Number of protein chains: 2
Amino acid sequence: MMDAHEKLEKSRKRITESIAQNIHLYGLPPSAGRQFGMMFFENRPLTLDDMSAELGMSKTSMSTSIRTLSEAKLVERVWERGVRKDLYEAKDDWYQIFIDMFTVKWRRAVSLHTAAIRKSLNELKDLKRDEGISTELLAEVDSDIEKLEYIREYYNWLDRLIDAFEDQKIFDIVPRNDDMSE
Amino acid sequence: MMDAHEKLEKSRKRITESIAQNIHLYGLPPSAGRQFGMMFFENRPLTLDDMSAELGMSKTSMSTSIRTLSEAKLVERVWERGVRKDLYEAKDDWYQIFIDMFTVKWRRAVSLHTAAIRKSLNELKDLKRDEGISTELLAEVDSDIEKLEYIREYYNWLDRLIDAFEDQKIFDIVPRNDDMSE
DNA sequence: TTGTATGTACAGTTTTTTCTGTACAAAGTA
DNA sequence: TACTTTGTACAGAAAAAACTGTACATACAA
């Protein structure tokens, strides 16, 4: 028979593992998920040494993964007077965490894609204008131009979608507090 | 000086590489992105042998990655009478591709998390009810319960968010056709 | 039925990613 | 100033993922 403390640990472990198995949606490896999950249940900021001891992993690993977690805005550094070591805490607004991940990751993708599309589109239009190309090839160029214009429009939509998340407009269609009771 | 055909290839390659570099957002490796990008520009369904030749990769790889692409709903199998080989085509509705990816990936995560939360929450509530536990531990249990109830609420929101994508309600706040002209 | 074509399971290889230990730079303490 | 303490750069080890070739099952053709 487990004692109460063991039961509590087991309960936490289940949630932490669940996070670890799904953190790839944030582009992070399972161990970073475990780290975040552990920090989530701690009601105090942790040092790298704390994390290292808690997870049984090297301090170096803690250092690199905490940086990744910070960049993804899942944790943040906090200050406490008199403490020399760096302290980190899991962010507690999961809605905001989701929105931050979404906007950070997709904004970059949109930006890169849009630049590539603009460049290719210009090249293709120049190609049409300047050269006397075969009818066959011209058809292909026109086909590509059409496709690129279509996906440019799509990325414009995606950009506006990201805006909607960023400025919290998303809560207008999907309200935050459903007020569900058990 | 490049000829027209080379220019066309270069233009396509830029877009394809851009897709390859960002397809990790769909949980797929770059090579799958290259495969999709190539198929996107082809105006006809391709066989595994076509893809193998086009990308210079083994047929086995094509087979496994086309399955992944199918599961992610980025491509689909099409039928053509008289053709014995399997034919695949890139889906052309990128808005729908995005929505499908989003719903498939996040729905599974929500489902797994929700199950874990329910289980842990039950265990913790049993723990509170049955055993005479120390005040100190009780405080921790209560803290965990509060946290789990919070994230349960969050996952409920996420589930509703997925619904909004799935039933196209998302286009209400972010309309599809912006009708931007150059 | 036998022969041929096609897709994939599986084992092994290559490549990429993650993790560790050492060494060191930066910053605080005495 | 010299002496600690702390975080991280870097090189190498371990683990995971992607890719290939062979072998085979399935389906169609004759």
# chains A, B, ... in the order shown; residues from 1 in each chain; ligands from 1
$ residues_around --residues "region 15-23 of chain D" --least-positions-apart "6" --cutoff "12 Å" --atoms "only C-alpha atoms (C1' of nucleotides)" --output "number ranges by chain"
A: 29-30; B: 28-32, 56-65; C: 8-19
$ select_by_dssp --residues "region 5-127 of chain A" --states "strand (DSSP E or B)" --output "PyMOL selection string"
chain A and resi 46+75-78+87-90
$ residues_around --residues "region 153-161 of chain B" --least-positions-apart "5" --cutoff "9 Å" --atoms "only C-alpha atoms (C1' of nucleotides)" --output "VMD selection string"
(chain A and resid 94 to 95 170 173 to 180) or (chain B and resid 106 to 107 110 to 111 113 to 114 148 166 170)
$ select_by_dssp --residues "chain A" --states "alpha helix (DSSP H)" --output "PyMOL selection string"
chain A and resi 4-22+30-41+48-55+59-71+94-130+135-166+170-173
$ residues_around --residues "Arg84 (chain B)" --least-positions-apart "2" --cutoff "12 Å" --atoms "only C-alpha atoms (C1' of nucleotides)" --output "list in words"
Thr47, Leu48, Val78, Trp79, Glu80, Arg81, Gly82, Asp86 and Leu87 of chain B; DA5, DT6 and DG7 of chain C; DA27, DC28 and DA29 of chain D
$ interface_residues --of "chain D" --to "chain A" --cutoff "10 Å" --atoms "only C-alpha atoms (C1' of nucleotides)" --output "PDB file with N, CA and C atoms (P, O5', C5', C4', C3', O3' and C1' of nucleotides), in the first residue's frame"
ATOM      1  P    DT D   5      32.446  27.758  -2.687  1.00  0.00           P
ATOM      2  O5'  DT D   5      31.333  28.414  -3.631  1.00  0.00           O
ATOM      3  C5'  DT D   5      30.877  29.740  -3.375  1.00  0.00           C
ATOM      4  C4'  DT D   5      30.070  30.223  -4.572  1.00  0.00           C
ATOM      5  C3'  DT D   5      29.191  29.144  -5.227  1.00  0.00           C
ATOM      6  O3'  DT D   5      27.893  29.673  -5.338  1.00  0.00           O
ATOM      7  C1'  DT D   5      30.521  30.241  -6.851  1.00  0.00           C
ATOM      8  P    DT D   6      26.644  28.782  -5.757  1.00  0.00           P
ATOM      9  O5'  DT D   6      26.469  29.127  -7.289  1.00  0.00           O
ATOM     10  C5'  DT D   6      26.223  30.487  -7.663  1.00  0.00           C
ATOM     11  C4'  DT D   6      26.290  30.616  -9.164  1.00  0.00           C
ATOM     12  C3'  DT D   6      25.523  29.542  -9.942  1.00  0.00           C
ATOM     13  O3'  DT D   6      24.487  30.170 -10.658  1.00  0.00           O
ATOM     14  C1'  DT D   6      27.677  29.924 -10.871  1.00  0.00           C
ATOM     15  P    DG D   7      23.446  29.377 -11.560  1.00  0.00           P
ATOM     16  O5'  DG D   7      24.068  29.588 -13.001  1.00  0.00           O
ATOM     17  C5'  DG D   7      23.997  30.880 -13.599  1.00  0.00           C
ATOM     18  C4'  DG D   7      24.714  30.862 -14.933  1.00  0.00           C
ATOM     19  C3'  DG D   7      24.094  29.957 -15.994  1.00  0.00           C
ATOM     20  O3'  DG D   7      24.008  30.690 -17.199  1.00  0.00           O
ATOM     21  C1'  DG D   7      26.376  29.394 -15.698  1.00  0.00           C
ATOM     22  P    DT D   8      23.291  30.113 -18.484  1.00  0.00           P
ATOM     23  O5'  DT D   8      24.535  29.674 -19.387  1.00  0.00           O
ATOM     24  C5'  DT D   8      25.491  30.666 -19.733  1.00  0.00           C
ATOM     25  C4'  DT D   8      26.635  30.028 -20.482  1.00  0.00           C
ATOM     26  C3'  DT D   8      26.222  29.091 -21.626  1.00  0.00           C
ATOM     27  O3'  DT D   8      27.201  29.250 -22.648  1.00  0.00           O
ATOM     28  C1'  DT D   8      27.630  27.951 -20.209  1.00  0.00           C
TER      29       DT D   8
END
$ atom_distance --atom1 "CA of Thr16 (chain A)" --atom2 "CA of Met38 (chain A)"
6.6 Å
$ atom_distance --atom1 "CA of Pro45 (chain B)" --atom2 "CA of Glu6 (chain B)"
22.9 Å
$ atom_distance --atom1 "CA of Thr68 (chain B)" --atom2 "CA of Glu17 (chain B)"
18.7 Å
$ residues_around --residues "Lys147 (chain B)" --least-positions-apart "3" --cutoff "12 Å" --atoms "only C-alpha atoms (C1' of nucleotides)" --output "PyMOL selection string"
(chain A and resi 12+15+37+40-43+92-94) or (chain B and resi 117+120-121+124+140-144+150-154)
$ write_last_selection --atoms "C-alpha atoms" --output "mmCIF file, in the first residue's frame"
data_model
loop_
_atom_site.group_PDB
_atom_site.id
_atom_site.type_symbol
_atom_site.label_atom_id
_atom_site.label_comp_id
_atom_site.auth_asym_id
_atom_site.auth_seq_id
_atom_site.Cartn_x
_atom_site.Cartn_y
_atom_site.Cartn_z
ATOM 1 C CA ARG A 12 2.114 14.471 -10.427
ATOM 2 C CA ILE A 15 0.542 14.778 -15.505
ATOM 3 C CA GLY A 37 5.886 19.809 -15.523
ATOM 4 C CA PHE A 40 4.611 23.640 -12.598
ATOM 5 C CA PHE A 41 3.915 21.706 -9.411
ATOM 6 C CA GLU A 42 6.585 23.426 -7.362
ATOM 7 C CA ASN A 43 5.230 26.466 -5.635
ATOM 8 C CA ASP A 92 1.073 30.041 -14.866
ATOM 9 C CA ASP A 93 -1.161 31.449 -17.596
ATOM 10 C CA TRP A 94 -1.553 28.492 -19.925
ATOM 11 C CA ILE B 117 -6.055 15.033 -15.406
ATOM 12 C CA SER B 120 -5.116 12.318 -11.063
ATOM 13 C CA LEU B 121 -7.902 14.551 -9.850
ATOM 14 C CA LEU B 124 -6.221 13.295 -5.106
ATOM 15 C CA GLU B 140 0.145 20.259 -1.152
ATOM 16 C CA VAL B 141 -2.766 18.083 -2.219
ATOM 17 C CA ASP B 142 -5.064 21.084 -2.232
ATOM 18 C CA SER B 143 -2.546 23.048 -4.240
ATOM 19 C CA ASP B 144 -2.345 20.257 -6.809
ATOM 20 C CA TYR B 150 -7.180 25.135 -13.705
ATOM 21 C CA ILE B 151 -5.572 23.172 -16.490
ATOM 22 C CA ARG B 152 -8.700 21.104 -16.969
ATOM 23 C CA GLU B 153 -10.480 24.352 -17.641
ATOM 24 C CA TYR B 154 -7.735 25.353 -20.047
#
$ decode --residues "chain C" --atoms "N, CA and C atoms (P, O5', C5', C4', C3', O3' and C1' of nucleotides)" --output "short mmCIF file (atom, residue, chain, number, x, y, z; two decimals), in the first residue's frame"
data_model
loop_
_atom_site.label_atom_id
_atom_site.label_comp_id
_atom_site.auth_asym_id
_atom_site.auth_seq_id
_atom_site.Cartn_x
_atom_site.Cartn_y
_atom_site.Cartn_z
P DT C 1 -2.98 -22.40 -57.63
"O5'" DT C 1 -2.30 -23.67 -58.30
"C5'" DT C 1 -2.95 -24.29 -59.46
"C4'" DT C 1 -2.27 -23.89 -60.73
"C3'" DT C 1 -0.95 -23.12 -60.54
"O3'" DT C 1 0.14 -24.02 -60.52
"C1'" DT C 1 -2.35 -22.05 -62.19
P DT C 2 1.62 -23.60 -59.98
"O5'" DT C 2 2.18 -22.58 -61.06
"C5'" DT C 2 2.40 -22.98 -62.41
"C4'" DT C 2 2.81 -21.77 -63.21
"C3'" DT C 2 4.05 -21.06 -62.66
"O3'" DT C 2 4.91 -20.75 -63.75
"C1'" DT C 2 2.26 -19.52 -62.84
P DG C 3 6.33 -19.95 -63.49
"O5'" DG C 3 5.96 -18.46 -63.89
"C5'" DG C 3 5.48 -18.17 -65.20
"C4'" DG C 3 5.28 -16.68 -65.35
"C3'" DG C 3 6.46 -15.83 -64.86
"O3'" DG C 3 6.67 -14.76 -65.78
"C1'" DG C 3 4.52 -15.21 -63.69
P DT C 4 7.92 -13.77 -65.59
"O5'" DT C 4 7.21 -12.43 -65.12
"C5'" DT C 4 6.16 -11.87 -65.93
"C4'" DT C 4 5.56 -10.69 -65.20
"C3'" DT C 4 6.59 -9.69 -64.66
"O3'" DT C 4 6.23 -8.40 -65.10
"C1'" DT C 4 5.04 -10.26 -62.98
P DA C 5 7.18 -7.13 -64.84
"O5'" DA C 5 6.23 -6.25 -63.91
"C5'" DA C 5 4.85 -6.11 -64.23
"C4'" DA C 5 4.14 -5.43 -63.08
"C3'" DA C 5 4.89 -4.24 -62.48
"O3'" DA C 5 3.93 -3.21 -62.26
"C1'" DA C 5 4.45 -5.83 -60.79
P DT C 6 4.37 -1.76 -61.86
"O5'" DT C 6 4.04 -1.70 -60.32
"C5'" DT C 6 2.69 -1.89 -59.88
"C4'" DT C 6 2.65 -1.99 -58.38
"C3'" DT C 6 3.45 -0.92 -57.64
"O3'" DT C 6 2.53 -0.12 -56.92
"C1'" DT C 6 3.78 -3.07 -56.70
P DG C 7 2.97 1.13 -56.08
"O5'" DG C 7 2.98 0.53 -54.61
"C5'" DG C 7 1.73 0.14 -54.04
"C4'" DG C 7 1.97 -0.49 -52.68
"C3'" DG C 7 2.65 0.43 -51.65
"O3'" DG C 7 1.96 0.28 -50.42
"C1'" DG C 7 3.91 -1.55 -51.90
P DT C 8 2.32 1.17 -49.16
"O5'" DT C 8 3.15 0.15 -48.25
"C5'" DT C 8 2.51 -1.07 -47.86
"C4'" DT C 8 3.49 -1.93 -47.09
"C3'" DT C 8 4.24 -1.22 -45.97
"O3'" DT C 8 4.41 -2.17 -44.93
"C1'" DT C 8 5.76 -2.22 -47.38
P DA C 9 4.11 -1.74 -43.42
"O5'" DA C 9 4.69 -3.01 -42.64
"C5'" DA C 9 4.58 -4.32 -43.25
"C4'" DA C 9 5.67 -5.24 -42.74
"C3'" DA C 9 6.32 -4.87 -41.41
"O3'" DA C 9 6.65 -6.07 -40.74
"C1'" DA C 9 7.95 -4.77 -43.14
P DC C 10 7.27 -6.05 -39.27
"O5'" DC C 10 8.83 -6.16 -39.54
"C5'" DC C 10 9.31 -7.11 -40.49
"C4'" DC C 10 10.81 -6.99 -40.61
"C3'" DC C 10 11.51 -6.43 -39.37
"O3'" DC C 10 12.66 -7.22 -39.13
"C1'" DC C 10 12.15 -5.19 -41.25
P DA C 11 13.45 -7.12 -37.70
"O5'" DA C 11 14.97 -7.16 -38.17
"C5'" DA C 11 15.34 -7.88 -39.36
"C4'" DA C 11 16.64 -7.31 -39.89
"C3'" DA C 11 17.63 -6.88 -38.81
"O3'" DA C 11 18.95 -7.23 -39.22
"C1'" DA C 11 17.09 -5.03 -40.17
P DG C 12 20.21 -6.96 -38.25
"O5'" DG C 12 21.00 -5.80 -39.02
"C5'" DG C 12 21.33 -5.99 -40.39
"C4'" DG C 12 21.75 -4.65 -40.97
"C3'" DG C 12 22.82 -3.91 -40.17
"O3'" DG C 12 23.82 -3.46 -41.08
"C1'" DG C 12 20.99 -2.48 -40.57
P DT C 13 25.11 -2.66 -40.52
"O5'" DT C 13 24.90 -1.20 -41.13
"C5'" DT C 13 24.66 -1.05 -42.54
"C4'" DT C 13 24.46 0.41 -42.85
"C3'" DT C 13 25.52 1.35 -42.26
"O3'" DT C 13 25.97 2.21 -43.29
"C1'" DT C 13 23.35 2.07 -41.65
P DT C 14 27.16 3.26 -42.98
"O5'" DT C 14 26.38 4.65 -42.98
"C5'" DT C 14 25.48 4.96 -44.05
"C4'" DT C 14 24.66 6.17 -43.66
"C3'" DT C 14 25.51 7.36 -43.16
"O3'" DT C 14 25.13 8.48 -43.93
"C1'" DT C 14 23.74 6.90 -41.65
P DT C 15 25.87 9.91 -43.74
"O5'" DT C 15 24.83 10.72 -42.86
"C5'" DT C 15 23.47 10.81 -43.29
"C4'" DT C 15 22.64 11.43 -42.19
"C3'" DT C 15 23.24 12.71 -41.60
"O3'" DT C 15 22.28 13.72 -41.80
"C1'" DT C 15 22.50 11.24 -39.89
P DT C 16 22.52 15.24 -41.29
"O5'" DT C 16 21.73 15.25 -39.90
"C5'" DT C 16 20.36 14.82 -39.89
"C4'" DT C 16 19.85 14.82 -38.47
"C3'" DT C 16 20.16 16.10 -37.69
"O3'" DT C 16 18.92 16.61 -37.26
"C1'" DT C 16 20.71 14.17 -36.41
P DT C 17 18.80 17.96 -36.35
"O5'" DT C 17 18.65 17.38 -34.88
"C5'" DT C 17 17.64 16.42 -34.63
"C4'" DT C 17 17.79 15.88 -33.22
"C3'" DT C 17 17.91 16.97 -32.15
"O3'" DT C 17 16.86 16.75 -31.23
"C1'" DT C 17 19.57 15.29 -31.85
P DT C 18 16.60 17.69 -29.93
"O5'" DT C 18 17.34 16.86 -28.77
"C5'" DT C 18 16.95 15.52 -28.53
"C4'" DT C 18 17.84 14.90 -27.48
"C3'" DT C 18 18.01 15.74 -26.20
"O3'" DT C 18 17.74 14.87 -25.11
"C1'" DT C 18 20.12 15.07 -27.02
P DC C 19 17.65 15.40 -23.61
"O5'" DC C 19 19.08 15.02 -23.04
"C5'" DC C 19 19.41 13.62 -22.90
"C4'" DC C 19 20.87 13.51 -22.54
"C3'" DC C 19 21.27 14.29 -21.29
"O3'" DC C 19 21.65 13.36 -20.27
"C1'" DC C 19 22.86 14.54 -23.05
P DT C 20 22.15 13.94 -18.84
"O5'" DT C 20 23.73 13.89 -19.01
"C5'" DT C 20 24.35 12.65 -19.36
"C4'" DT C 20 25.86 12.83 -19.44
"C3'" DT C 20 26.47 13.52 -18.22
"O3'" DT C 20 27.48 12.67 -17.69
"C1'" DT C 20 27.20 14.56 -20.24
P DG C 21 28.13 12.99 -16.26
"O5'" DG C 21 29.56 13.61 -16.65
"C5'" DG C 21 30.37 12.93 -17.61
"C4'" DG C 21 31.65 13.72 -17.86
"C3'" DG C 21 32.24 14.38 -16.62
"O3'" DG C 21 33.66 14.20 -16.67
"C1'" DG C 21 31.75 16.04 -18.26
P DT C 22 34.63 14.94 -15.64
"O5'" DT C 22 35.30 16.09 -16.52
"C5'" DT C 22 35.84 15.77 -17.80
"C4'" DT C 22 36.35 17.03 -18.46
"C3'" DT C 22 37.20 17.93 -17.55
"O3'" DT C 22 38.34 18.35 -18.28
"C1'" DT C 22 35.42 19.18 -18.48
P DA C 23 39.46 19.29 -17.61
"O5'" DA C 23 39.20 20.71 -18.28
"C5'" DA C 23 38.91 20.80 -19.67
"C4'" DA C 23 38.58 22.24 -20.00
"C3'" DA C 23 39.39 23.26 -19.19
"O3'" DA C 23 39.77 24.33 -20.05
"C1'" DA C 23 37.11 23.60 -18.79
P DC C 24 40.81 25.44 -19.57
"O5'" DC C 24 39.89 26.74 -19.58
"C5'" DC C 24 39.02 26.99 -20.69
"C4'" DC C 24 37.93 27.96 -20.27
"C3'" DC C 24 38.45 29.16 -19.45
"O3'" DC C 24 37.90 30.33 -19.99
"C1'" DC C 24 36.60 28.20 -18.40
P DA C 25 38.74 31.68 -20.04
"O5'" DA C 25 37.64 32.80 -20.32
"C5'" DA C 25 36.46 32.46 -21.07
"C4'" DA C 25 35.25 33.10 -20.42
"C3'" DA C 25 35.52 34.47 -19.81
"O3'" DA C 25 34.43 35.32 -20.12
"C1'" DA C 25 34.66 33.02 -18.15
P DA C 26 34.48 36.88 -19.84
"O5'" DA C 26 33.34 37.09 -18.74
"C5'" DA C 26 32.09 36.43 -18.91
"C4'" DA C 26 31.30 36.57 -17.62
"C3'" DA C 26 31.47 37.92 -16.92
"O3'" DA C 26 30.20 38.35 -16.48
"C1'" DA C 26 32.03 36.18 -15.43
P DA C 27 30.02 39.85 -15.87
"O5'" DA C 27 29.55 39.57 -14.38
"C5'" DA C 27 28.70 38.46 -14.09
"C4'" DA C 27 28.73 38.20 -12.61
"C3'" DA C 27 28.94 39.46 -11.76
"O3'" DA C 27 28.11 39.41 -10.62
"C1'" DA C 27 30.56 37.88 -11.21
P DG C 28 27.89 40.71 -9.72
"O5'" DG C 28 28.05 40.11 -8.26
"C5'" DG C 28 27.25 38.98 -7.89
"C4'" DG C 28 27.99 38.18 -6.84
"C3'" DG C 28 28.29 38.96 -5.56
"O3'" DG C 28 27.90 38.19 -4.44
"C1'" DG C 28 30.28 37.97 -6.40
P DT C 29 27.98 38.83 -2.97
"O5'" DT C 29 29.38 38.28 -2.44
"C5'" DT C 29 29.55 36.86 -2.27
"C4'" DT C 29 30.80 36.60 -1.44
"C3'" DT C 29 30.97 37.52 -0.24
"O3'" DT C 29 31.34 36.73 0.88
"C1'" DT C 29 32.89 37.65 -1.62
P DA C 30 31.48 37.39 2.29
"O5'" DA C 30 33.06 37.38 2.48
"C5'" DA C 30 33.79 36.17 2.25
"C4'" DA C 30 35.28 36.46 2.41
"C3'" DA C 30 35.62 37.35 3.61
"O3'" DA C 30 36.79 36.88 4.24
"C1'" DA C 30 36.42 38.35 1.63
#
